[in-house]
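Okay, structure first, notes after.
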Amino acid sequence: MVDDFERALDSIKTTEDIDAIKEGIDLIYNKFLSFLTRQGVKEIAAIGEVFNTEKHEAVTTIPAQTEEDKDKIIDCIEKGYSLDDKVIRFPKVIVAK
C-alpha cells in the first residue's frame, strides 16, 4: 500500500487529470479498508445507536426532538474503531438528551 500512495503522490505532481487522481485515491482507500478488516479492525456503529460510555465518547449533547430520541447518537464527528471487540479509538459523537 505504501507503494500505491507513493505512485499517487508522484502522479499528483505531474497530472492534470483530477478525475484519475480521485479514482486512484478511492482505490487506495478501499484497499486500505479491506486490509484493516482482514486484520480484525471494525468501525464502531454510532448514528442511531443508544449512547454507551464503553463504546462512544460524547463531545456534546443537544435537546432530543422526541422521547424516543433521548440518549441516542444523532451525529458522529469522528469514526471509532475496535480490534477484536476491544475499542482502539472511541467514536466522537453528539447525543440527544
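The way I read the labels, and the way they are meant: chains A, B, ... in the order of the C-alpha cells, residue 1 as the first residue of every chain, and ligand 1 as the first ligand shown, with later ones counted on from there.
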### Task
Might you pull out every residue within 10 Å of region 65-67 of chain A, with only C-alpha atoms counted and same-chain residues fewer than 3 positions away left off, and present them as a list in words?
Ile62, Lys70, Asp71, Ala96 and Lys97 of chain A
### Query
CA of Arg38 (chain A) and CA of Phe5 (chain A) are how many Å apart?
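One can read the CA of Arg38 (chain A) to CA of Phe5 (chain A) distance as 19.7 Å.
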#### Entry: Point-to-point distance from CA of Arg89 (chain A) to CA of Tyr29 (chain A), Å rounded to tenths
18.9 Å
### Task
Check the smallest atom-to-atom distance from each of A:Val2, A:Pro91, A:Ala8, A:Glu78 to Glu23 (chain A) using only C-alpha atoms, then report the winner.
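Once distances to Glu23 (chain A) are computed over only C-alpha atoms, the minimum belongs to A:Ala8.
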#### Entry: Neighbour list for region 41-57 of chain A as number ranges by chain, cut-off 8 Å, only C-alpha atoms, skip fewer than 6 positions in-chain
A: 71-76, 79-84, 87, 90-93, 95
Go ahead and save the picked residues with C-alpha atoms, as a PDB file, in the first residue's frame.
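Contents of the output file again29.pdb:
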ATOM      1  CA  ASP A  71     -29.853   9.053  24.748  1.00  0.00           C
ATOM      2  CA  LYS A  72     -29.425   8.225  21.066  1.00  0.00           C
ATOM      3  CA  ILE A  73     -26.488   9.305  18.943  1.00  0.00           C
ATOM      4  CA  ILE A  74     -27.584  11.775  16.294  1.00  0.00           C
ATOM      5  CA  ASP A  75     -24.235  12.543  14.670  1.00  0.00           C
ATOM      6  CA  CYS A  76     -20.685  11.217  14.568  1.00  0.00           C
ATOM      7  CA  LYS A  79     -15.389   7.443  13.489  1.00  0.00           C
ATOM      8  CA  GLY A  80     -14.281   4.937  16.085  1.00  0.00           C
ATOM      9  CA  TYR A  81     -12.776   1.502  15.667  1.00  0.00           C
ATOM     10  CA  SER A  82     -12.418  -1.761  17.543  1.00  0.00           C
ATOM     11  CA  LEU A  83      -9.860  -4.517  17.190  1.00  0.00           C
ATOM     12  CA  ASP A  84     -11.141  -7.953  18.119  1.00  0.00           C
ATOM     13  CA  VAL A  87     -12.087  -0.282  21.411  1.00  0.00           C
ATOM     14  CA  PHE A  90     -13.774   5.789  20.540  1.00  0.00           C
ATOM     15  CA  PRO A  91     -16.146   7.430  18.053  1.00  0.00           C
ATOM     16  CA  LYS A  92     -16.731  11.068  18.967  1.00  0.00           C
ATOM     17  CA  VAL A  93     -20.475  11.625  18.906  1.00  0.00           C
ATOM     18  CA  VAL A  95     -26.040  12.694  21.799  1.00  0.00           C
TER      19      VAL A  95
END
#### Entry: Using only C-alpha atoms: which of A:Ala58, A:Ile25, A:Ala64, A:Ile18 has the shortest distance to Ile77 (chain A)
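When distances to Ile77 (chain A) are compared using only C-alpha atoms, the smallest one comes from A:Ala58.
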